[in-house]
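Everything below concerns the one structure shown next.
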Amino acid sequence: MSPLPRFSVIVPAYKVQAYLQECLDSVLSQSFTDLELIVVDDASPDNCGAIADETATRDPRVRSTVRLRENAGPGAARNKGMEYARGDYLLFLDGDDTFTPGALQAIADRVKETGEPDVLVHDFARVSWSGESVRDARAPQLTERGPAPFRLDDRPGLLHVRPVVWNKAYKREFVEDHDFRLPPGVYEDTAWTYPVLMAAESVATLDRVCVHHRRRRHGSLLGATTRAHFDVFAQYDRVFAYIDERPELAQWRPVLFRLMADHLTSVLSARHRLPREARAEFVRTVRAHCARYRTPGAPVRARARFRRALLLIGGQRLHRALWAGARLVRGAGRLLRGLAGLFRTAGLRLHYRLQRLLPLRADRAVFAAYDGRGYECSPAALENAFRTYVPHMRTSWAARPEHHHTLPVAARRVLPGSMAYWTALARSTYLVSNVDFDRRLVKRRGQVLLQTRHGTPLKHMGLDLQDRPAAARGTDFGAALRDSDRWDYVLSGNRHSTLVWERVHPSPYTTLEYGSPRNDVFLRANSTDVARVREHLGIPEGAVAVLYAPTHRDYRHSQRAHLDLERVLRKLGPRFVVLARAHHGYGSPLTDLAHGRLLDVTGYPSVENLCLASDALVTDYSSLMFDYANLDRPIVIHAEDWEAYEAARGTYFDLRSFPPGAVARSEDELIDIFATGHWRGSRSAQLRAAFRERFCPYDDGRAAERVVRRVVLGEAAPPDFVPLAERHPVPSAAAARPAADGALGP
């Protein structure tokens, strides 16, 4: 029988899929390895369970992945984890928090140094969405000077340290002997922490930040507006009941009464926590609790005395009056700002405001892509699906005049910033785009904003660009987050995308893992469609067409082709044709030497059609590779400047280690890959198969249909996904004919 571990780390997981892997890695990557990790999936509706299972397959220290049948809350989840624990000490970590490097070794050393105390209290730091780390203000209470271990009587100031379960290590034998369990409800840490500290025969402290506590912008129950905050009263009832059952603890009543009063008034002061209609009831309950547990002998700070007076001395009306005055001041400020905005924008703003007074039109939807470009990407596929599956739907497309020729006749054309544009934004129920709409948009009650994104992220996005100034280019991250707060749905083509989007755009939207609508065409097109596009582009009959689509470089303001396309074509021979497509961010073609075998397709409106027309893709780090993989056609990666790109932008994985095909690190290597046939060989096919399995699980040609059925028609269950093995994307022109003279192979 294997020896028992020193530590049992218990992690409850509920709706934290974007952060859970980082949490688990922070445990398993510790220099101290004598531990077991117990993950409790609290019936989480996302991928938390799958992430825990996958981690368990890689590390045997993940002893148990416990699944609860119904969501029971963090207290019950931690209790279930304790049932499986075998370690000498219990440690708890929330699924969106992390241990700091070396934390467990420091805890182990301190536990040994202080003679195996019942409880060890360590420090933590709050980490905001911007990455700022702020140590807890009560850290001085954790000084290690003086005798250790000790009892709470010797260091009563520990009661002022934030009462949470995850800033301590507990001797398992102590917890079991006292039968400590976390109660249900919110603020459950309160009813656990105070009894544990009062019961402990020996306590020690560690003056070191061991946990980074994530302050999520959305998703935290403590930050939600709900009646669940009334649970705080039941938790303090449990604390005082524990004291009443043990007369020897009566000395702690004055201190705990003061802590309770401060806690209750702080909950009330956080106005966003309580529904408006519940605030008066909460005030009455605070007064009743303070009257019930009032204990003389506890000194009160002047500020706390004032706040409490508002509540206890007939303060409900006074409290309400003060808050009403504050609301009037804030309302006046908003009015002034609104008037100033009205003068600045004049007629259009007035028009938009008037339009917002009119009813929404349930049969109207407005679409846009890439800040006013044409009929492109997933919004285009969805616009067509809206009209197909909801025949009465009337659609508008916001595009600049030079792109109007790409729009279908059935879609109304609106110019961004025009009166028609603001009318569409004000009156349409559905707003669909792959980037953000105008930031002056006021999202109305009943409007549904669908953010499609535009590809699977390889490069860093959103909040991950905060330490990448070349890539961020002065981004206002606060404004960007306010934009994402308006999203109702975000589309995702795979779990990788889901986890990235939810972490770098932390807002309360719903993620739809339905696939990418823009890729539906790859499963719906046929050989006739391929032939028609090739003919339109002027690709010679029998040619092997290679689509070359490099991405944007954040460390360069101007475009420079990394390949001498003329030289590449000379080396490959007359059967090859290159379709050169520059990134739209540069506004200029890749080459000025276009001819019959080197075609500039930068201005071609549909990149999906270019993919259909090609026989292979050559790219560097463009997200196009993830879409192209759905065609199951050869992909070659040209990673000549990977180190520079990674340093400037940052990536989520090393593409060279998990590529969709052959990898060339120079122009000569690229030429050799095509000349030898390696571009379409068995090894390249194996790499592509693994890549497709990871990044193309849902793209079966019905993504747009799924979205419309869920978002517009309200159907709860989306259609089943067609397994990869049963999908048959349209073959390339080269694959459809025999390799006659070695053009496709060595």
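In the structure tokens, chains take the letters A, B, ... in the order shown, each chain's residues start at 1, and ligands count up from 1 in the order shown.
For range 85-93 of chain A, the set of protein, DNA and RNA residues having any atom at most 7 Å away, when counting only C-alpha atoms and skipping those fewer than 4 positions along the same chain, is Leu4, Pro5, Arg6, Phe7, Ser8, Val9, Ile10, Val11, Gly81, Asp97, Val165, Trp166, Lys168, Ala169, Tyr170, Lys171 and Arg172 of chain A.
Summary of the local environment: counting only C-alpha atoms, residues at most 7 Å from Ser44 in chain A, other than itself and those fewer than 2 positions away along its chain, are A:Ala13, A:Tyr14, A:Lys15, A:Asp41, A:Asp42, A:Asp46, A:Cys48.
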Output for the residues just chosen: N, CA and C atoms as a PDB file, in the first residue's frame:
```pdb
ATOM      1  N   ALA A  13     -15.268  22.568  -8.654  1.00  0.00           N
ATOM      2  CA  ALA A  13     -15.278  23.164  -9.997  1.00  0.00           C
ATOM      3  C   ALA A  13     -16.713  23.339 -10.473  1.00  0.00           C
ATOM      4  N   TYR A  14     -17.077  24.579 -10.747  1.00  0.00           N
ATOM      5  CA  TYR A  14     -18.399  24.882 -11.301  1.00  0.00           C
ATOM      6  C   TYR A  14     -18.287  26.121 -12.173  1.00  0.00           C
ATOM      7  N   LYS A  15     -18.518  25.949 -13.460  1.00  0.00           N
ATOM      8  CA  LYS A  15     -18.493  27.040 -14.440  1.00  0.00           C
ATOM      9  C   LYS A  15     -17.188  27.824 -14.402  1.00  0.00           C
ATOM     10  N   ASP A  41     -16.364  17.892  -9.440  1.00  0.00           N
ATOM     11  CA  ASP A  41     -17.188  18.506 -10.477  1.00  0.00           C
ATOM     12  C   ASP A  41     -18.592  18.691  -9.908  1.00  0.00           C
ATOM     13  N   ASP A  42     -18.909  19.933  -9.581  1.00  0.00           N
ATOM     14  CA  ASP A  42     -20.182  20.251  -8.930  1.00  0.00           C
ATOM     15  C   ASP A  42     -21.300  20.359  -9.966  1.00  0.00           C
ATOM     16  N   ASP A  46     -20.378  22.990 -18.030  1.00  0.00           N
ATOM     17  CA  ASP A  46     -19.387  23.218 -19.077  1.00  0.00           C
ATOM     18  C   ASP A  46     -18.400  22.050 -19.110  1.00  0.00           C
ATOM     19  N   CYS A  48     -15.690  21.431 -17.285  1.00  0.00           N
ATOM     20  CA  CYS A  48     -14.844  21.245 -16.101  1.00  0.00           C
ATOM     21  C   CYS A  48     -14.520  19.773 -15.863  1.00  0.00           C
TER      22      CYS A  48
END
```
**Request:** Would you mind listing what lies within 8 Å of Arg138 in chain A as a PyMOL selection string, with only C-alpha atoms counted and same-chain residues fewer than 4 positions away left out?
**Result:** chain A and resi 142+160-162
Would you output that residue set with C-alpha atoms, as an mmCIF file, in the first residue's frame?
```
data_model
loop_
_atom_site.group_PDB
_atom_site.id
_atom_site.type_symbol
_atom_site.label_atom_id
_atom_site.label_comp_id
_atom_site.auth_asym_id
_atom_site.auth_seq_id
_atom_site.Cartn_x
_atom_site.Cartn_y
_atom_site.Cartn_z
ATOM 1 C CA LEU A 142 0.250 36.903 9.815
ATOM 2 C CA HIS A 160 -9.846 39.859 11.407
ATOM 3 C CA VAL A 161 -8.117 38.003 8.561
ATOM 4 C CA ARG A 162 -10.583 37.395 5.778
#
```
**Request:** Check the DSSP output for the backbone and give back, as an MDAnalysis selection string, the residues of range 87-187 of chain A in strand (DSSP E).
**Result:** chainID A and resid 89:92 98:99 119:127 133:135 168:171
**Asked** Counting only C-alpha atoms, what is within 9 Å of Glu640 in chain A, bar same-chain residues fewer than 3 positions away, as a ChimeraX atom specification?
**Response** /A:562,620,643,664-667
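With distances restricted to only C-alpha atoms, A:Arg518 is the closest residue to Pro379 in chain A from A:Arg503, A:Arg570, A:Arg518, A:Arg692.
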**Message:** If we count only C-alpha atoms and set the cut-off at 10 Å, which residues sit around range 185-196 of chain A, ignoring sequence neighbours fewer than 6 positions away in its own chain? Please answer as JSON, numbers by chain.
**Reply:** {"A": [72, 73, 74, 75, 76, 118, 119, 158, 159, 162, 163, 164, 165, 166, 168, 170, 174, 175, 178, 221, 222, 228, 229, 230, 231, 232, 233, 234, 235, 236, 237, 238, 239, 240, 242, 243, 249, 252, 256, 260]}
Save out the residues we just selected, N, CA and C atoms, as a short mmCIF file (atom, residue, chain, number, x, y, z; two decimals), in the first residue's frame.
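Output contents, as saved in again_19.cif:
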```
data_model
loop_
_atom_site.label_atom_id
_atom_site.label_comp_id
_atom_site.auth_asym_id
_atom_site.auth_seq_id
_atom_site.Cartn_x
_atom_site.Cartn_y
_atom_site.Cartn_z
N ALA A 72 -24.57 21.50 -6.00
CA ALA A 72 -24.82 21.60 -4.56
C ALA A 72 -24.16 22.80 -3.93
N GLY A 73 -23.31 23.52 -4.67
CA GLY A 73 -22.62 24.66 -4.11
C GLY A 73 -21.24 24.31 -3.61
N PRO A 74 -20.39 25.31 -3.41
CA PRO A 74 -19.00 25.03 -3.05
C PRO A 74 -18.84 24.33 -1.71
N GLY A 75 -19.72 24.62 -0.73
CA GLY A 75 -19.60 23.97 0.57
C GLY A 75 -19.77 22.48 0.47
N ALA A 76 -20.85 22.03 -0.15
CA ALA A 76 -21.11 20.61 -0.30
C ALA A 76 -20.04 19.94 -1.16
N ASP A 118 -2.77 22.43 14.24
CA ASP A 118 -4.10 22.07 13.72
C ASP A 118 -4.44 22.90 12.49
N VAL A 119 -4.07 24.18 12.52
CA VAL A 119 -4.39 25.09 11.42
C VAL A 119 -3.18 25.96 11.13
N LEU A 158 -6.23 37.27 14.50
CA LEU A 158 -6.45 36.38 13.35
C LEU A 158 -7.91 36.35 12.92
N LEU A 159 -8.82 36.67 13.85
CA LEU A 159 -10.23 36.69 13.47
C LEU A 159 -10.53 37.80 12.47
N ARG A 162 -9.38 37.73 6.55
CA ARG A 162 -10.58 37.39 5.78
C ARG A 162 -11.01 35.95 6.03
N PRO A 163 -12.27 35.73 6.42
CA PRO A 163 -12.72 34.38 6.77
C PRO A 163 -13.06 33.54 5.54
N VAL A 164 -12.04 33.00 4.92
CA VAL A 164 -12.24 32.14 3.75
C VAL A 164 -11.59 30.79 4.03
N VAL A 165 -12.03 29.78 3.31
CA VAL A 165 -11.55 28.43 3.58
C VAL A 165 -10.20 28.17 2.92
N TRP A 166 -9.85 28.92 1.84
CA TRP A 166 -8.70 28.58 1.02
C TRP A 166 -7.41 29.31 1.41
N LYS A 168 -5.85 28.65 4.31
CA LYS A 168 -5.39 27.88 5.45
C LYS A 168 -5.08 26.44 5.04
N TYR A 170 -5.29 22.64 6.97
CA TYR A 170 -5.94 22.06 8.15
C TYR A 170 -5.45 20.62 8.34
N PHE A 174 -7.62 16.72 12.88
CA PHE A 174 -8.33 17.76 13.64
C PHE A 174 -9.73 17.99 13.07
N VAL A 175 -9.82 18.11 11.76
CA VAL A 175 -11.11 18.35 11.11
C VAL A 175 -12.06 17.18 11.36
N HIS A 178 -13.43 16.91 15.05
CA HIS A 178 -14.46 17.90 15.38
C HIS A 178 -15.65 17.85 14.42
N LEU A 221 -20.73 34.46 -7.55
CA LEU A 221 -22.03 34.63 -6.90
C LEU A 221 -22.04 35.82 -5.97
N LEU A 222 -20.89 36.11 -5.33
CA LEU A 222 -20.84 37.26 -4.43
C LEU A 222 -21.02 38.57 -5.18
N ALA A 228 -29.79 35.47 -2.76
CA ALA A 228 -28.90 34.51 -2.09
C ALA A 228 -28.04 35.18 -1.03
N HIS A 229 -27.86 36.50 -1.13
CA HIS A 229 -27.05 37.19 -0.13
C HIS A 229 -27.71 37.18 1.26
N PHE A 230 -28.99 36.84 1.33
CA PHE A 230 -29.63 36.68 2.63
C PHE A 230 -29.05 35.49 3.39
N ASP A 231 -28.32 34.60 2.69
CA ASP A 231 -27.69 33.47 3.37
C ASP A 231 -26.71 33.91 4.45
N VAL A 232 -26.21 35.13 4.36
CA VAL A 232 -25.24 35.59 5.35
C VAL A 232 -25.82 35.56 6.76
N PHE A 233 -27.12 35.77 6.89
CA PHE A 233 -27.73 35.72 8.23
C PHE A 233 -27.70 34.32 8.81
N ALA A 234 -28.02 33.32 7.99
CA ALA A 234 -27.99 31.93 8.47
C ALA A 234 -26.58 31.51 8.86
N GLN A 235 -25.58 32.04 8.14
CA GLN A 235 -24.21 31.66 8.48
C GLN A 235 -23.82 32.20 9.85
N TYR A 236 -24.21 33.43 10.16
CA TYR A 236 -23.89 33.96 11.49
C TYR A 236 -24.76 33.30 12.57
N ASP A 237 -25.96 32.87 12.22
CA ASP A 237 -26.73 32.08 13.18
C ASP A 237 -25.95 30.83 13.57
N ARG A 238 -25.30 30.20 12.60
CA ARG A 238 -24.53 28.99 12.88
C ARG A 238 -23.31 29.31 13.76
N VAL A 239 -22.67 30.45 13.49
CA VAL A 239 -21.50 30.82 14.29
C VAL A 239 -21.90 31.02 15.75
N PHE A 240 -22.96 31.78 15.99
CA PHE A 240 -23.36 32.05 17.38
C PHE A 240 -23.96 30.82 18.04
N TYR A 242 -22.80 27.85 17.54
CA TYR A 242 -21.60 27.11 17.94
C TYR A 242 -21.06 27.65 19.27
N ILE A 243 -21.05 28.96 19.43
CA ILE A 243 -20.57 29.57 20.68
C ILE A 243 -21.52 29.24 21.84
N LEU A 249 -16.45 29.46 25.13
CA LEU A 249 -16.14 30.36 24.01
C LEU A 249 -16.87 31.69 24.11
N TRP A 252 -15.66 35.23 22.98
CA TRP A 252 -15.54 35.66 21.59
C TRP A 252 -16.79 36.35 21.06
N LEU A 256 -17.04 38.74 17.67
CA LEU A 256 -17.79 38.22 16.53
C LEU A 256 -19.03 39.07 16.24
N MET A 260 -19.65 40.60 12.66
CA MET A 260 -20.91 40.38 11.96
C MET A 260 -21.54 41.70 11.52
#
```
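Minimum atom-to-atom distances from A:Phe180, A:Tyr645, A:Tyr84, A:Phe150 to Ala470 in chain A were compared using only C-alpha atoms, and the lowest value belongs to A:Tyr645.
Picture a line from CA of Phe124 in chain A to CA of Asp94 in chain A; it runs 12.7 Å.
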Given only C-alpha atoms, how would the per-residue table for range 605-724 of chain A near range 429-448 of chain A read, listing every residue at most 12 Å away with its closest atom pair and distance in Å to one decimal, sorted by chain and number, as a tab-separated table?
```
residue	atom	partner	partner_atom	distance
A:Val707	CA	A:Val432	CA	11.3
A:Val708	CA	A:Tyr430	CA	10.8
A:Arg710	CA	A:Val448	CA	12.0
A:Val711	CA	A:Val448	CA	8.3
A:Val712	CA	A:Tyr430	CA	8.5
```
**Prompt:** From the list A:Ala241, A:Ala613, A:Leu670, A:Val521, which residue is nearest Asp699 in chain A when using only C-alpha atoms?
**Reply:** A:Val521
**Request:** Can you work out which one of A:His213, A:Arg468, A:Tyr370, A:Gly701 has the shortest atom-to-atom distance to Phe721 in chain A, counting only C-alpha atoms?
**Result:** A:Gly701
